[in-house]
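K.L.:
First the structure, then my questions, so here it is.
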Amino acid sequence: MKKLFALAAAAALVSVSGAAVAADDGQNRVVKVENISNQQLNYLYASPITSKIWEEDLLGERTLSRGESIDADIDNGTNECHYDLKAVMADGKEVIRRNINVCEISKWTIGDSGDSIG
């Protein structure tokens, strides 16, 4: 009986500590990504600067043609604000921005002659 109680208490502690990590810190991590280039934007990635790999494509099955935008929710539940951002265009060109504070910026505009963060 004592073993069962100890096991249940340990499971509850793990559950509570896991919830604390994912708690909402009130920061807005939504960034409007706007494509003003002459080609389609096929993939959009955002990974915390601590990550060694690009996380899932934020566009999913969608693409962004010229003039289209998406409100990308970059919150992965870790309360991190600093992310690396990557857009992959139809011709394979990659537009990468490193160490962007997504809690402070609200827009990333990608064009033929460059990009801007604002």
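How things are named: the first chain in the structure tokens is A, the next is B, and so on; residues count from 1 in each chain; ligands count from 1 in the order shown.
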Pick out the residues sitting within 6 Å of Asn99 of chain A, and hand them over as an NGL selection string; count only C-alpha atoms, and ignore anything fewer than 4 positions along from it in its own chain.

P.N.:
:A and (82-84)

K.L.:
Need the shell around segment 105-113 of chain A: protein/DNA/RNA residues with any atom at most 7 Å away, counting only C-alpha atoms. Skip same-chain ones fewer than 6 positions apart. Format as a ChimeraX atom specification?

P.N.:
/A:30-38

K.L.:
Near Glu94 of chain A, counting only C-alpha atoms, which residues have an atom at most 12 Å away, once you skip same-chain residues fewer than 2 positions from it, shown as a ChimeraX atom specification?

P.N.:
/A:41-45,85-92,96-97,110-112,114-115

K.L.:
Please produce a file of the residues just selected, as a short mmCIF file (atom, residue, chain, number, x, y, z; two decimals), in the first residue's frame, where the atoms kept are all heavy atoms.

P.N.:
data_model
loop_
_atom_site.label_atom_id
_atom_site.label_comp_id
_atom_site.auth_asym_id
_atom_site.auth_seq_id
_atom_site.Cartn_x
_atom_site.Cartn_y
_atom_site.Cartn_z
N LEU A 41 5.92 31.26 -51.26
CA LEU A 41 6.62 30.83 -50.05
C LEU A 41 6.07 29.45 -49.71
O LEU A 41 4.87 29.30 -49.48
CB LEU A 41 6.36 31.83 -48.92
CG LEU A 41 7.22 31.75 -47.69
CD1 LEU A 41 7.22 33.09 -46.96
CD2 LEU A 41 6.83 30.66 -46.75
N ASN A 42 6.93 28.44 -49.74
CA ASN A 42 6.47 27.06 -49.58
C ASN A 42 6.56 26.51 -48.17
O ASN A 42 5.75 25.65 -47.80
CB ASN A 42 7.25 26.13 -50.51
CG ASN A 42 6.85 26.29 -51.95
OD1 ASN A 42 5.83 26.89 -52.27
ND2 ASN A 42 7.65 25.75 -52.85
N TYR A 43 7.55 26.95 -47.40
CA TYR A 43 7.75 26.40 -46.05
C TYR A 43 8.11 27.53 -45.09
O TYR A 43 8.80 28.47 -45.48
CB TYR A 43 8.87 25.35 -46.02
CG TYR A 43 8.65 24.22 -46.99
CD1 TYR A 43 9.29 24.21 -48.23
CD2 TYR A 43 7.80 23.17 -46.68
CE1 TYR A 43 9.09 23.18 -49.13
CE2 TYR A 43 7.59 22.14 -47.57
CZ TYR A 43 8.24 22.15 -48.80
OH TYR A 43 8.03 21.12 -49.68
N LEU A 44 7.67 27.40 -43.86
CA LEU A 44 7.96 28.38 -42.82
C LEU A 44 8.29 27.65 -41.53
O LEU A 44 7.49 26.85 -41.04
CB LEU A 44 6.74 29.30 -42.61
CG LEU A 44 6.85 30.35 -41.53
CD1 LEU A 44 7.95 31.36 -41.86
CD2 LEU A 44 5.50 31.05 -41.35
N TYR A 45 9.47 27.93 -41.01
CA TYR A 45 9.92 27.25 -39.79
C TYR A 45 10.28 28.27 -38.72
O TYR A 45 10.77 29.36 -39.02
CB TYR A 45 11.16 26.39 -40.07
CG TYR A 45 10.96 25.36 -41.14
CD1 TYR A 45 11.36 25.59 -42.45
CD2 TYR A 45 10.36 24.14 -40.85
CE1 TYR A 45 11.18 24.64 -43.44
CE2 TYR A 45 10.17 23.18 -41.84
CZ TYR A 45 10.58 23.45 -43.13
OH TYR A 45 10.40 22.50 -44.10
N LEU A 85 14.14 31.95 -37.45
CA LEU A 85 13.05 31.87 -38.42
C LEU A 85 13.60 31.52 -39.79
O LEU A 85 14.67 32.01 -40.17
CB LEU A 85 12.31 33.21 -38.51
CG LEU A 85 11.77 33.80 -37.20
CD1 LEU A 85 11.16 35.17 -37.47
CD2 LEU A 85 10.76 32.87 -36.57
N LYS A 86 12.89 30.69 -40.52
CA LYS A 86 13.33 30.28 -41.85
C LYS A 86 12.13 30.18 -42.78
O LYS A 86 11.14 29.52 -42.47
CB LYS A 86 14.03 28.93 -41.77
CG LYS A 86 14.46 28.34 -43.10
CD LYS A 86 15.18 27.03 -42.85
CE LYS A 86 15.32 26.18 -44.06
NZ LYS A 86 16.00 24.90 -43.77
N ALA A 87 12.25 30.84 -43.93
CA ALA A 87 11.25 30.73 -45.00
C ALA A 87 11.94 30.12 -46.21
O ALA A 87 13.07 30.48 -46.53
CB ALA A 87 10.70 32.11 -45.35
N VAL A 88 11.26 29.19 -46.87
CA VAL A 88 11.80 28.56 -48.07
C VAL A 88 10.88 28.91 -49.24
O VAL A 88 9.69 28.61 -49.21
CB VAL A 88 11.92 27.02 -47.91
CG1 VAL A 88 12.53 26.41 -49.17
CG2 VAL A 88 12.75 26.66 -46.68
N MET A 89 11.48 29.54 -50.24
CA MET A 89 10.73 30.00 -51.39
C MET A 89 10.60 28.88 -52.43
O MET A 89 11.27 27.85 -52.33
CB MET A 89 11.42 31.23 -52.01
CG MET A 89 11.73 32.33 -50.99
SD MET A 89 10.34 32.84 -49.96
CE MET A 89 9.35 33.72 -51.14
N ALA A 90 9.76 29.09 -53.44
CA ALA A 90 9.49 28.07 -54.46
C ALA A 90 10.76 27.65 -55.20
O ALA A 90 10.88 26.49 -55.59
CB ALA A 90 8.45 28.58 -55.45
N ASP A 91 11.71 28.57 -55.39
CA ASP A 91 12.94 28.23 -56.10
C ASP A 91 13.99 27.59 -55.19
O ASP A 91 15.11 27.32 -55.60
CB ASP A 91 13.53 29.45 -56.81
CG ASP A 91 14.04 30.52 -55.85
OD1 ASP A 91 13.89 30.37 -54.62
OD2 ASP A 91 14.58 31.54 -56.34
N GLY A 92 13.63 27.36 -53.91
CA GLY A 92 14.55 26.74 -52.96
C GLY A 92 15.36 27.73 -52.15
O GLY A 92 16.06 27.34 -51.21
N ILE A 96 16.68 33.28 -43.87
CA ILE A 96 16.84 32.88 -42.47
C ILE A 96 17.15 34.11 -41.63
O ILE A 96 18.00 34.93 -41.99
CB ILE A 96 17.96 31.83 -42.32
CG1 ILE A 96 17.60 30.57 -43.09
CG2 ILE A 96 18.21 31.52 -40.83
CD1 ILE A 96 18.68 29.51 -43.12
N ARG A 97 16.48 34.23 -40.51
CA ARG A 97 16.74 35.26 -39.50
C ARG A 97 17.03 34.54 -38.19
O ARG A 97 16.28 33.66 -37.78
CB ARG A 97 15.54 36.18 -39.32
CG ARG A 97 15.36 37.17 -40.42
CD ARG A 97 16.57 38.13 -40.48
NE ARG A 97 16.25 39.33 -41.19
CZ ARG A 97 16.14 40.53 -40.61
NH1 ARG A 97 16.34 40.68 -39.34
NH2 ARG A 97 15.84 41.56 -41.35
N ILE A 110 8.69 39.38 -46.30
CA ILE A 110 9.69 38.76 -47.17
C ILE A 110 9.45 39.22 -48.60
O ILE A 110 8.35 39.04 -49.14
CB ILE A 110 9.62 37.22 -47.07
CG1 ILE A 110 9.86 36.80 -45.62
CG2 ILE A 110 10.62 36.56 -48.02
CD1 ILE A 110 9.49 35.37 -45.31
N GLY A 111 10.49 39.82 -49.20
CA GLY A 111 10.37 40.33 -50.57
C GLY A 111 11.53 39.84 -51.43
O GLY A 111 12.43 39.16 -50.95
N ASP A 112 11.51 40.23 -52.71
CA ASP A 112 12.56 39.81 -53.64
C ASP A 112 13.92 40.40 -53.30
O ASP A 112 14.95 39.77 -53.52
CB ASP A 112 12.18 40.19 -55.06
CG ASP A 112 11.00 39.37 -55.57
OD1 ASP A 112 10.88 38.19 -55.18
OD2 ASP A 112 10.19 39.90 -56.34
N GLY A 114 14.95 41.34 -50.27
CA GLY A 114 15.31 41.17 -48.87
C GLY A 114 14.08 40.99 -48.02
O GLY A 114 12.99 40.72 -48.51
N ASP A 115 14.28 41.14 -46.73
CA ASP A 115 13.18 40.96 -45.79
C ASP A 115 13.31 42.00 -44.69
O ASP A 115 14.35 42.63 -44.54
CB ASP A 115 13.18 39.55 -45.22
CG ASP A 115 14.37 39.27 -44.33
OD1 ASP A 115 15.51 39.56 -44.74
OD2 ASP A 115 14.18 38.77 -43.21
#

K.L.:
Restricting the calculation to only C-alpha atoms: of A:Thr63, A:Glu55, A:Asn76, A:Ser69, which residue gets closest to Asp24 of chain A?

P.N.:
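Looking only at the distances to Asp24 of chain A, the closest residue turns out to be A:Asn76.
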
K.L.:
Pick from A:Asn28, A:Ser116, A:Gln39, A:Gly77: nearest to Ser65 of chain A, with only C-alpha atoms counted?

P.N.:
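Among the listed residues, A:Gln39 lies closest to Ser65 of chain A.
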
K.L.:
Would you please give, as a ChimeraX atom specification, all residues of chain A that DSSP assigns to helix (DSSP H, G or I) based on the backbone?

P.N.:
/A:2-21

K.L.:
What is the atom CA of Gly67 of chain A-atom CA of Cys81 of chain A distance in Å, reported with one decimal?

P.N.:
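Straight-line distance from atom CA of Gly67 of chain A to atom CA of Cys81 of chain A works out to 27.1 Å.
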
K.L.:
Which residues in segment 16-103 of chain A does DSSP call strand (DSSP E or B)? List them as a PyMOL selection string.

P.N.:
chain A and resi 30-35+41-48+64+69-73+82-89+94-101
